[in-house]
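Below is upload06.cif, holding mmCIF, N, CA, C and O atoms.
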data_my_file
loop_
_atom_site.label_atom_id
_atom_site.label_comp_id
_atom_site.auth_asym_id
_atom_site.auth_seq_id
_atom_site.Cartn_x
_atom_site.Cartn_y
_atom_site.Cartn_z
N MET W 92 -3.94 9.99 -13.30
CA MET W 92 -3.63 9.86 -11.90
C MET W 92 -4.62 8.88 -11.27
O MET W 92 -5.82 9.01 -11.41
N ASN W 93 -4.13 7.90 -10.59
CA ASN W 93 -4.97 6.91 -9.93
C ASN W 93 -5.29 7.36 -8.51
O ASN W 93 -4.49 8.02 -7.87
N SER W 94 -6.43 6.93 -8.03
CA SER W 94 -6.85 7.30 -6.68
C SER W 94 -6.80 6.08 -5.77
O SER W 94 -7.23 5.00 -6.15
N LYS W 95 -6.26 6.26 -4.57
CA LYS W 95 -6.24 5.16 -3.62
C LYS W 95 -7.55 5.07 -2.85
O LYS W 95 -7.92 4.02 -2.37
N LYS W 96 -8.26 6.20 -2.74
CA LYS W 96 -9.52 6.20 -2.00
C LYS W 96 -10.67 5.86 -2.93
O LYS W 96 -10.78 6.38 -4.04
N LEU W 97 -11.52 4.99 -2.45
CA LEU W 97 -12.66 4.54 -3.23
C LEU W 97 -13.62 5.69 -3.56
O LEU W 97 -14.18 5.74 -4.65
N GLU W 98 -13.75 6.63 -2.68
CA GLU W 98 -14.70 7.72 -2.87
C GLU W 98 -14.35 8.62 -4.05
O GLU W 98 -15.19 9.35 -4.55
N TYR W 99 -13.10 8.58 -4.50
CA TYR W 99 -12.68 9.42 -5.62
C TYR W 99 -12.69 8.69 -6.96
O TYR W 99 -12.31 9.27 -7.97
N ARG W 100 -13.09 7.43 -6.97
CA ARG W 100 -13.13 6.66 -8.22
C ARG W 100 -14.57 6.59 -8.75
O ARG W 100 -15.52 6.58 -7.99
N ALA W 101 -14.68 6.50 -10.05
CA ALA W 101 -15.99 6.30 -10.67
C ALA W 101 -16.37 4.83 -10.54
O ALA W 101 -15.51 3.95 -10.46
N ARG W 102 -17.66 4.56 -10.51
CA ARG W 102 -18.13 3.18 -10.50
C ARG W 102 -18.30 2.71 -11.94
O ARG W 102 -18.54 3.48 -12.85
N ARG W 103 -18.16 1.42 -12.15
CA ARG W 103 -18.23 0.85 -13.49
C ARG W 103 -19.55 1.20 -14.18
O ARG W 103 -19.55 1.49 -15.39
N TRP W 104 -20.66 1.23 -13.44
CA TRP W 104 -21.95 1.52 -14.06
C TRP W 104 -22.04 2.96 -14.55
O TRP W 104 -22.89 3.29 -15.39
N MET W 105 -21.17 3.84 -14.06
CA MET W 105 -21.21 5.24 -14.46
C MET W 105 -20.53 5.49 -15.82
O MET W 105 -20.73 6.54 -16.42
N ILE W 106 -19.73 4.54 -16.26
CA ILE W 106 -18.93 4.72 -17.47
C ILE W 106 -19.53 3.92 -18.62
O ILE W 106 -19.85 2.74 -18.46
N SER W 107 -19.64 4.53 -19.77
CA SER W 107 -20.17 3.86 -20.95
C SER W 107 -19.14 2.87 -21.48
O SER W 107 -17.99 3.23 -21.73
N PRO W 108 -19.53 1.60 -21.66
CA PRO W 108 -18.60 0.62 -22.22
C PRO W 108 -18.10 1.02 -23.62
O PRO W 108 -16.96 0.75 -23.98
N GLU W 109 -18.96 1.70 -24.40
CA GLU W 109 -18.55 2.14 -25.73
C GLU W 109 -17.45 3.20 -25.62
O GLU W 109 -16.53 3.23 -26.42
N TRP W 110 -17.55 4.07 -24.62
CA TRP W 110 -16.53 5.10 -24.43
C TRP W 110 -15.19 4.47 -24.07
O TRP W 110 -14.15 4.92 -24.53
N LEU W 111 -15.22 3.42 -23.26
CA LEU W 111 -13.98 2.74 -22.88
C LEU W 111 -13.34 2.00 -24.05
O LEU W 111 -12.13 1.77 -24.05
N LYS W 112 -14.14 1.62 -25.05
CA LYS W 112 -13.61 0.90 -26.21
C LYS W 112 -12.88 1.81 -27.19
O LYS W 112 -12.12 1.34 -28.03
N VAL W 113 -13.09 3.11 -27.08
CA VAL W 113 -12.37 4.06 -27.94
C VAL W 113 -10.89 3.93 -27.63
O VAL W 113 -10.49 3.90 -26.46
N PRO W 114 -10.02 3.78 -28.65
CA PRO W 114 -8.60 3.50 -28.42
C PRO W 114 -7.91 4.42 -27.40
O PRO W 114 -7.14 3.97 -26.58
N GLY W 115 -8.18 5.69 -27.40
CA GLY W 115 -7.51 6.60 -26.47
C GLY W 115 -8.04 6.52 -25.05
O GLY W 115 -7.38 6.95 -24.11
N ASN W 116 -9.22 5.95 -24.85
CA ASN W 116 -9.84 5.93 -23.53
C ASN W 116 -9.58 4.65 -22.74
O ASN W 116 -9.89 4.58 -21.56
N SER W 117 -9.01 3.65 -23.38
CA SER W 117 -8.79 2.38 -22.69
C SER W 117 -7.78 2.51 -21.55
O SER W 117 -7.76 1.67 -20.65
N VAL W 118 -6.98 3.56 -21.56
CA VAL W 118 -6.00 3.76 -20.47
C VAL W 118 -6.69 4.08 -19.15
O VAL W 118 -6.08 3.95 -18.09
N TYR W 119 -7.94 4.50 -19.19
CA TYR W 119 -8.68 4.84 -17.98
C TYR W 119 -9.35 3.64 -17.33
O TYR W 119 -9.87 3.74 -16.23
N ASP W 120 -9.36 2.51 -18.03
CA ASP W 120 -10.02 1.31 -17.51
C ASP W 120 -9.07 0.53 -16.60
O ASP W 120 -8.64 -0.57 -16.91
N VAL W 121 -8.73 1.14 -15.48
CA VAL W 121 -7.85 0.52 -14.48
C VAL W 121 -8.50 0.66 -13.11
O VAL W 121 -9.30 1.58 -12.87
N PRO W 122 -8.20 -0.25 -12.17
CA PRO W 122 -8.83 -0.20 -10.85
C PRO W 122 -8.58 1.09 -10.08
O PRO W 122 -9.39 1.47 -9.24
N GLY W 123 -7.51 1.80 -10.38
CA GLY W 123 -7.24 3.05 -9.69
C GLY W 123 -8.14 4.19 -10.14
O GLY W 123 -8.21 5.23 -9.50
N ARG W 124 -8.85 4.00 -11.23
CA ARG W 124 -9.75 5.03 -11.74
C ARG W 124 -11.22 4.60 -11.70
O ARG W 124 -12.10 5.42 -11.52
N ILE W 125 -11.46 3.30 -11.91
CA ILE W 125 -12.84 2.81 -11.96
C ILE W 125 -12.99 1.65 -10.98
O ILE W 125 -12.28 0.66 -11.06
N ALA W 126 -13.93 1.79 -10.05
CA ALA W 126 -14.24 0.73 -9.10
C ALA W 126 -15.41 -0.09 -9.63
O ALA W 126 -16.23 0.40 -10.41
N GLU W 127 -15.46 -1.34 -9.25
CA GLU W 127 -16.59 -2.17 -9.67
C GLU W 127 -17.89 -1.61 -9.08
O GLU W 127 -17.87 -0.88 -8.10
N SER W 128 -19.00 -1.99 -9.66
CA SER W 128 -20.28 -1.40 -9.29
C SER W 128 -20.82 -1.88 -7.94
O SER W 128 -21.42 -1.13 -7.20
N GLY W 129 -20.66 -3.16 -7.64
CA GLY W 129 -21.14 -3.67 -6.37
C GLY W 129 -22.30 -4.64 -6.52
O GLY W 129 -22.76 -4.95 -7.62
N LYS W 130 -22.77 -5.13 -5.40
CA LYS W 130 -23.84 -6.14 -5.38
C LYS W 130 -25.12 -5.65 -6.03
O LYS W 130 -25.84 -6.42 -6.66
N ALA W 131 -25.44 -4.38 -5.88
CA ALA W 131 -26.67 -3.84 -6.46
C ALA W 131 -26.68 -3.96 -7.98
O ALA W 131 -27.74 -4.00 -8.60
N TRP W 132 -25.51 -4.06 -8.58
CA TRP W 132 -25.40 -4.16 -10.03
C TRP W 132 -24.98 -5.55 -10.48
O TRP W 132 -24.60 -5.75 -11.63
N GLY W 133 -25.01 -6.53 -9.58
CA GLY W 133 -24.74 -7.90 -9.96
C GLY W 133 -23.33 -8.39 -9.71
O GLY W 133 -23.00 -9.53 -10.04
N ASP W 134 -22.48 -7.56 -9.16
CA ASP W 134 -21.12 -8.00 -8.84
C ASP W 134 -21.14 -8.86 -7.59
O ASP W 134 -22.03 -8.72 -6.74
N PRO W 135 -20.20 -9.79 -7.43
CA PRO W 135 -20.21 -10.67 -6.26
C PRO W 135 -19.96 -9.95 -4.93
O PRO W 135 -20.44 -10.38 -3.89
N GLU W 136 -19.19 -8.84 -4.96
CA GLU W 136 -18.88 -8.10 -3.73
C GLU W 136 -18.96 -6.60 -3.98
O GLU W 136 -18.77 -6.14 -5.09
N ASP W 137 -19.19 -5.87 -2.90
CA ASP W 137 -19.16 -4.42 -2.97
C ASP W 137 -17.71 -3.95 -2.88
O ASP W 137 -16.90 -4.55 -2.18
N PRO W 138 -17.38 -2.87 -3.56
CA PRO W 138 -16.01 -2.36 -3.51
C PRO W 138 -15.56 -1.99 -2.08
O PRO W 138 -14.40 -2.14 -1.74
N GLU W 139 -16.48 -1.53 -1.25
CA GLU W 139 -16.14 -1.20 0.13
C GLU W 139 -15.67 -2.43 0.88
O GLU W 139 -14.72 -2.36 1.67
N ASP W 140 -16.33 -3.58 0.64
CA ASP W 140 -15.92 -4.83 1.29
C ASP W 140 -14.54 -5.28 0.81
O ASP W 140 -13.72 -5.74 1.60
N ILE W 141 -14.29 -5.12 -0.47
CA ILE W 141 -12.99 -5.50 -1.04
C ILE W 141 -11.89 -4.64 -0.44
O ILE W 141 -10.84 -5.14 -0.04
N GLU W 142 -12.14 -3.32 -0.34
CA GLU W 142 -11.15 -2.41 0.24
C GLU W 142 -10.89 -2.76 1.71
O GLU W 142 -9.75 -2.71 2.17
N ALA W 143 -11.94 -3.12 2.45
CA ALA W 143 -11.78 -3.48 3.86
C ALA W 143 -10.93 -4.75 4.00
O ALA W 143 -10.08 -4.84 4.90
N LYS W 144 -11.14 -5.72 3.12
CA LYS W 144 -10.34 -6.94 3.14
C LYS W 144 -8.87 -6.63 2.86
O LYS W 144 -7.98 -7.16 3.52
N HIS W 145 -8.63 -5.79 1.87
CA HIS W 145 -7.24 -5.42 1.54
C HIS W 145 -6.57 -4.75 2.74
O HIS W 145 -5.40 -5.02 3.02
N GLN W 146 -7.31 -3.88 3.43
CA GLN W 146 -6.74 -3.19 4.58
C GLN W 146 -6.42 -4.18 5.71
O GLN W 146 -5.37 -4.08 6.34
N ARG W 147 -7.32 -5.14 5.96
CA ARG W 147 -7.07 -6.15 7.01
C ARG W 147 -5.84 -6.98 6.68
O ARG W 147 -5.01 -7.25 7.55
N VAL W 148 -5.72 -7.41 5.43
CA VAL W 148 -4.57 -8.22 5.02
C VAL W 148 -3.29 -7.42 5.19
O VAL W 148 -2.28 -7.93 5.68
N LYS W 149 -3.32 -6.15 4.80
CA LYS W 149 -2.14 -5.29 4.94
C LYS W 149 -1.73 -5.17 6.41
O LYS W 149 -0.55 -5.26 6.73
N GLU W 150 -2.70 -4.99 7.29
CA GLU W 150 -2.41 -4.88 8.72
C GLU W 150 -1.86 -6.18 9.28
O GLU W 150 -0.93 -6.18 10.09
N GLU W 151 -2.43 -7.31 8.85
CA GLU W 151 -1.95 -8.62 9.32
C GLU W 151 -0.51 -8.86 8.87
O GLU W 151 0.31 -9.39 9.63
N LYS W 152 -0.19 -8.48 7.64
CA LYS W 152 1.18 -8.64 7.14
C LYS W 152 2.15 -7.79 7.96
O LYS W 152 3.27 -8.21 8.24
N GLU W 153 1.72 -6.61 8.34
CA GLU W 153 2.58 -5.73 9.14
C GLU W 153 2.85 -6.34 10.51
O GLU W 153 3.97 -6.27 11.01
N VAL W 154 1.83 -6.97 11.12
CA VAL W 154 2.01 -7.62 12.42
C VAL W 154 3.01 -8.78 12.29
O VAL W 154 3.91 -8.93 13.12
N VAL W 155 2.87 -9.59 11.26
CA VAL W 155 3.78 -10.71 11.04
C VAL W 155 5.21 -10.20 10.81
O VAL W 155 6.16 -10.75 11.35
N LYS W 156 5.34 -9.12 10.07
CA LYS W 156 6.65 -8.55 9.80
C LYS W 156 7.30 -8.08 11.10
O LYS W 156 8.49 -8.30 11.32
N ARG W 157 6.53 -7.44 11.97
CA ARG W 157 7.07 -6.98 13.24
C ARG W 157 7.51 -8.14 14.11
O ARG W 157 8.51 -8.06 14.81
N ARG W 158 6.77 -9.25 14.09
CA ARG W 158 7.14 -10.43 14.88
C ARG W 158 8.45 -11.02 14.38
O ARG W 158 9.29 -11.43 15.16
N LYS W 159 8.62 -11.09 13.06
CA LYS W 159 9.82 -11.69 12.48
C LYS W 159 11.06 -10.88 12.82
O LYS W 159 12.11 -11.43 13.08
N VAL W 160 10.97 -9.58 12.85
CA VAL W 160 12.12 -8.73 13.16
C VAL W 160 12.58 -8.97 14.59
O VAL W 160 13.76 -9.03 14.87
N GLY W 161 11.66 -9.18 15.51
CA GLY W 161 12.01 -9.39 16.92
C GLY W 161 12.57 -10.76 17.22
O GLY W 161 13.19 -10.96 18.26
N LYS W 162 12.41 -11.75 16.35
CA LYS W 162 12.85 -13.12 16.62
C LYS W 162 14.28 -13.41 16.20
O LYS W 162 14.86 -14.40 16.60
N GLY W 163 14.88 -12.56 15.40
CA GLY W 163 16.23 -12.82 14.91
C GLY W 163 17.27 -12.75 16.01
O GLY W 163 17.05 -12.18 17.08
N LYS W 164 18.44 -13.35 15.77
CA LYS W 164 19.52 -13.32 16.76
C LYS W 164 20.01 -11.90 16.97
O LYS W 164 20.23 -11.47 18.08
N ASN W 165 20.20 -11.20 15.90
CA ASN W 165 20.64 -9.81 15.97
C ASN W 165 19.64 -8.95 15.20
O ASN W 165 19.91 -8.57 14.07
N PRO W 166 18.51 -8.67 15.80
CA PRO W 166 17.52 -7.90 15.05
C PRO W 166 18.04 -6.50 14.74
O PRO W 166 18.72 -5.88 15.56
N VAL W 167 17.76 -6.06 13.57
CA VAL W 167 18.19 -4.74 13.14
C VAL W 167 17.16 -3.75 13.65
O VAL W 167 15.98 -3.85 13.35
N SER W 168 17.62 -2.82 14.46
CA SER W 168 16.68 -1.81 14.94
C SER W 168 16.74 -0.63 14.00
O SER W 168 17.79 -0.26 13.50
N LYS W 169 15.58 -0.05 13.79
CA LYS W 169 15.50 1.09 12.88
C LYS W 169 14.98 2.27 13.68
O LYS W 169 14.26 2.12 14.65
N GLY W 170 15.34 3.43 13.26
CA GLY W 170 14.81 4.62 13.91
C GLY W 170 15.89 5.44 14.58
O GLY W 170 17.09 5.26 14.37
N ALA W 171 15.46 6.38 15.41
CA ALA W 171 16.36 7.33 16.05
C ALA W 171 17.34 6.65 17.00
O ALA W 171 18.49 7.05 17.12
N ALA W 172 16.90 5.63 17.71
CA ALA W 172 17.76 4.96 18.69
C ALA W 172 18.97 4.32 18.00
O ALA W 172 20.09 4.37 18.51
N ALA W 173 18.78 3.75 16.86
CA ALA W 173 19.87 3.09 16.15
C ALA W 173 20.86 4.11 15.60
O ALA W 173 22.06 3.90 15.61
N SER W 174 20.34 5.24 15.15
CA SER W 174 21.23 6.23 14.57
C SER W 174 21.96 7.04 15.64
O SER W 174 22.95 7.69 15.36
N SER W 175 21.50 7.01 16.88
CA SER W 175 22.16 7.78 17.93
C SER W 175 23.41 7.09 18.44
O SER W 175 24.25 7.71 19.09
N LYS W 176 23.56 5.80 18.18
CA LYS W 176 24.75 5.07 18.59
C LYS W 176 25.84 5.31 17.55
O LYS W 176 25.72 4.90 16.41
N LYS W 177 26.91 5.99 17.96
CA LYS W 177 27.98 6.30 17.02
C LYS W 177 29.18 5.41 17.32
O LYS W 177 29.50 5.16 18.47
N ALA W 178 29.81 4.98 16.29
CA ALA W 178 31.01 4.17 16.44
C ALA W 178 32.17 5.09 16.75
O ALA W 178 32.56 5.91 15.92
N VAL W 179 32.71 4.99 17.95
CA VAL W 179 33.83 5.82 18.35
C VAL W 179 35.04 4.91 18.49
O VAL W 179 34.99 3.92 19.23
N PRO W 180 36.13 5.22 17.81
CA PRO W 180 37.31 4.36 17.92
C PRO W 180 37.89 4.40 19.33
O PRO W 180 37.77 5.39 20.04
N LYS W 181 38.49 3.32 19.70
CA LYS W 181 39.09 3.19 21.02
C LYS W 181 40.25 4.17 21.15
O LYS W 181 41.05 4.35 20.23
N ALA W 182 40.30 4.84 22.30
CA ALA W 182 41.37 5.81 22.51
C ALA W 182 42.72 5.10 22.61
O ALA W 182 42.85 4.08 23.27
N THR W 183 43.71 5.63 21.95
CA THR W 183 45.05 5.04 21.97
C THR W 183 46.02 6.04 22.56
O THR W 183 45.78 7.24 22.60
N ASP W 184 47.14 5.54 23.01
CA ASP W 184 48.17 6.39 23.59
C ASP W 184 48.87 7.11 22.44
O ASP W 184 49.53 6.49 21.60
N MET W 185 48.72 8.40 22.39
CA MET W 185 49.27 9.20 21.31
C MET W 185 50.46 10.04 21.78
O MET W 185 50.69 11.12 21.31
N SER W 186 51.24 9.53 22.74
CA SER W 186 52.39 10.30 23.25
C SER W 186 53.44 10.43 22.17
O SER W 186 53.62 9.54 21.35
N MET W 187 54.13 11.51 22.21
CA MET W 187 55.13 11.81 21.20
C MET W 187 56.53 11.42 21.65
O MET W 187 57.46 12.20 21.60
N ASP W 188 56.74 10.22 22.12
CA ASP W 188 58.06 9.73 22.56
C ASP W 188 58.78 9.12 21.38
O ASP W 188 58.57 7.97 21.04
N ASN W 189 59.64 9.85 20.78
CA ASN W 189 60.39 9.32 19.64
C ASN W 189 61.72 8.86 20.04
O ASN W 189 62.58 9.17 20.61
#
Would it be possible to restate this file's structure as structure tokens?
Amino acid sequence: MNSKKLEYRARRWMISPEWLKVPGNSVYDVPGRIAESGKAWGDPEDPEDIEAKHQRVKEEKEVVKRRKVGKGKNPVSKGAAASSKKAVPKATDMSMDN
């Protein structure tokens, strides 16, 4: 199981490289389980800084996405307001004059 929160991942310096080389253990060498060690251990950036950058980019993409939806000729609205509009057929004269 991978963790999205940095606080629940092990740091690279905590894991033995020899242990990761064992054939069955290589599946654990993924970013969702092991975070890089950080500047104190010689890495170019701290994992906290990397996570903050990812969050900012995600938020910026969401803002751009919201802008694009509002610019279309017929923007598709999502949510309760859109589902509350029901298509009701036009009433017709249903008299029984045969």
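When only C-alpha atoms are used to measure the gap to Lys95 in chain W, the shortest distance among W:Ser117, W:Pro108, W:Arg124, W:Glu136 belongs to W:Arg124.
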Could you tell me how far CA of Ala126 in chain W sits from CA of Met105 in chain W, in Å to one decimal place?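 Between these atoms lies a distance of 9.9 Å.
Across W:Arg147, W:Arg157, W:Lys152, W:Lys96, the tightest approach to Pro122 in chain W is made by W:Lys96 when counting only C-alpha atoms.
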Backbone-only DSSP, helix (DSSP H, G or I) members of range 102-174 of chain W, as a PyMOL selection string: chain W and resi 103-105+108-112+114-119+130-132+138-162+171-174
Output range 141-152 of chain W with all heavy atoms present, as a CSV table (one decimal), keeping the file's coordinate frame.
chain,number,residue,atom,x,y,z
W,141,ILE,N,-14.3,-5.1,-0.5
W,141,ILE,CA,-13.0,-5.5,-1.0
W,141,ILE,C,-11.9,-4.6,-0.4
W,141,ILE,O,-10.8,-5.1,0.0
W,141,ILE,CB,-13.0,-5.4,-2.6
W,141,ILE,CG1,-14.0,-6.4,-3.2
W,141,ILE,CG2,-11.6,-5.6,-3.2
W,141,ILE,CD1,-14.3,-6.2,-4.6
W,142,GLU,N,-12.1,-3.3,-0.3
W,142,GLU,CA,-11.2,-2.4,0.2
W,142,GLU,C,-10.9,-2.8,1.7
W,142,GLU,O,-9.8,-2.7,2.2
W,142,GLU,CB,-11.6,-1.0,0.1
W,142,GLU,CG,-11.7,-0.5,-1.3
W,142,GLU,CD,-10.3,-0.3,-1.9
W,142,GLU,OE1,-9.4,0.1,-1.3
W,142,GLU,OE2,-10.2,-0.6,-3.1
W,143,ALA,N,-11.9,-3.1,2.4
W,143,ALA,CA,-11.8,-3.5,3.9
W,143,ALA,C,-10.9,-4.8,4.0
W,143,ALA,O,-10.1,-4.8,4.9
W,143,ALA,CB,-13.1,-3.7,4.5
W,144,LYS,N,-11.1,-5.7,3.1
W,144,LYS,CA,-10.3,-6.9,3.1
W,144,LYS,C,-8.9,-6.6,2.9
W,144,LYS,O,-8.0,-7.2,3.5
W,144,LYS,CB,-10.8,-7.9,2.1
W,144,LYS,CG,-12.1,-8.7,2.5
W,144,LYS,CD,-12.5,-9.7,1.4
W,144,LYS,CE,-13.8,-10.3,1.7
W,144,LYS,NZ,-14.2,-11.2,0.6
W,145,HIS,N,-8.6,-5.8,1.9
W,145,HIS,CA,-7.2,-5.4,1.5
W,145,HIS,C,-6.6,-4.8,2.7
W,145,HIS,O,-5.4,-5.0,3.0
W,145,HIS,CB,-7.2,-4.5,0.3
W,145,HIS,CG,-7.4,-5.2,-1.0
W,145,HIS,ND1,-6.6,-6.1,-1.5
W,145,HIS,CD2,-8.4,-5.0,-1.9
W,145,HIS,CE1,-7.1,-6.6,-2.6
W,145,HIS,NE2,-8.2,-5.9,-2.9
W,146,GLN,N,-7.3,-3.9,3.4
W,146,GLN,CA,-6.7,-3.2,4.6
W,146,GLN,C,-6.4,-4.2,5.7
W,146,GLN,O,-5.4,-4.1,6.3
W,146,GLN,CB,-7.7,-2.1,5.1
W,146,GLN,CG,-7.2,-1.3,6.2
W,146,GLN,CD,-5.9,-0.5,5.8
W,146,GLN,OE1,-5.8,-0.1,4.6
W,146,GLN,NE2,-5.0,-0.3,6.7
W,147,ARG,N,-7.3,-5.1,6.0
W,147,ARG,CA,-7.1,-6.2,7.0
W,147,ARG,C,-5.8,-7.0,6.7
W,147,ARG,O,-5.0,-7.2,7.6
W,147,ARG,CB,-8.3,-7.1,7.2
W,147,ARG,CG,-9.4,-6.4,8.0
W,147,ARG,CD,-10.4,-7.5,8.5
W,147,ARG,NE,-11.0,-8.3,7.4
W,147,ARG,CZ,-12.0,-7.9,6.7
W,147,ARG,NH1,-12.7,-6.8,6.9
W,147,ARG,NH2,-12.5,-8.7,5.7
W,148,VAL,N,-5.7,-7.4,5.4
W,148,VAL,CA,-4.6,-8.2,5.0
W,148,VAL,C,-3.3,-7.4,5.2
W,148,VAL,O,-2.3,-7.9,5.7
W,148,VAL,CB,-4.7,-8.7,3.6
W,148,VAL,CG1,-3.5,-9.3,3.0
W,148,VAL,CG2,-5.9,-9.7,3.5
W,149,LYS,N,-3.3,-6.2,4.8
W,149,LYS,CA,-2.1,-5.3,4.9
W,149,LYS,C,-1.7,-5.2,6.4
W,149,LYS,O,-0.6,-5.3,6.7
W,149,LYS,CB,-2.5,-3.9,4.4
W,149,LYS,CG,-1.3,-3.0,4.3
W,149,LYS,CD,-1.8,-1.7,3.7
W,149,LYS,CE,-0.6,-0.6,3.7
W,149,LYS,NZ,-1.1,0.6,3.1
W,150,GLU,N,-2.7,-5.0,7.3
W,150,GLU,CA,-2.4,-4.9,8.7
W,150,GLU,C,-1.9,-6.2,9.3
W,150,GLU,O,-0.9,-6.2,10.1
W,150,GLU,CB,-3.7,-4.4,9.5
W,150,GLU,CG,-4.1,-3.0,9.2
W,150,GLU,CD,-5.4,-2.7,9.7
W,150,GLU,OE1,-6.1,-3.6,10.3
W,150,GLU,OE2,-5.8,-1.5,9.6
W,151,GLU,N,-2.4,-7.3,8.8
W,151,GLU,CA,-2.0,-8.6,9.3
W,151,GLU,C,-0.5,-8.9,8.9
W,151,GLU,O,0.3,-9.4,9.6
W,151,GLU,CB,-2.9,-9.7,8.8
W,151,GLU,CG,-4.2,-9.8,9.5
W,151,GLU,CD,-5.2,-10.7,8.8
W,151,GLU,OE1,-4.8,-11.4,7.8
W,151,GLU,OE2,-6.4,-10.8,9.3
W,152,LYS,N,-0.2,-8.5,7.6
W,152,LYS,CA,1.2,-8.6,7.1
W,152,LYS,C,2.2,-7.8,8.0
W,152,LYS,O,3.3,-8.2,8.2
W,152,LYS,CB,1.3,-8.2,5.7
W,152,LYS,CG,0.7,-9.3,4.7
W,152,LYS,CD,0.9,-8.8,3.3
W,152,LYS,CE,0.4,-9.8,2.3
W,152,LYS,NZ,0.6,-9.4,0.9
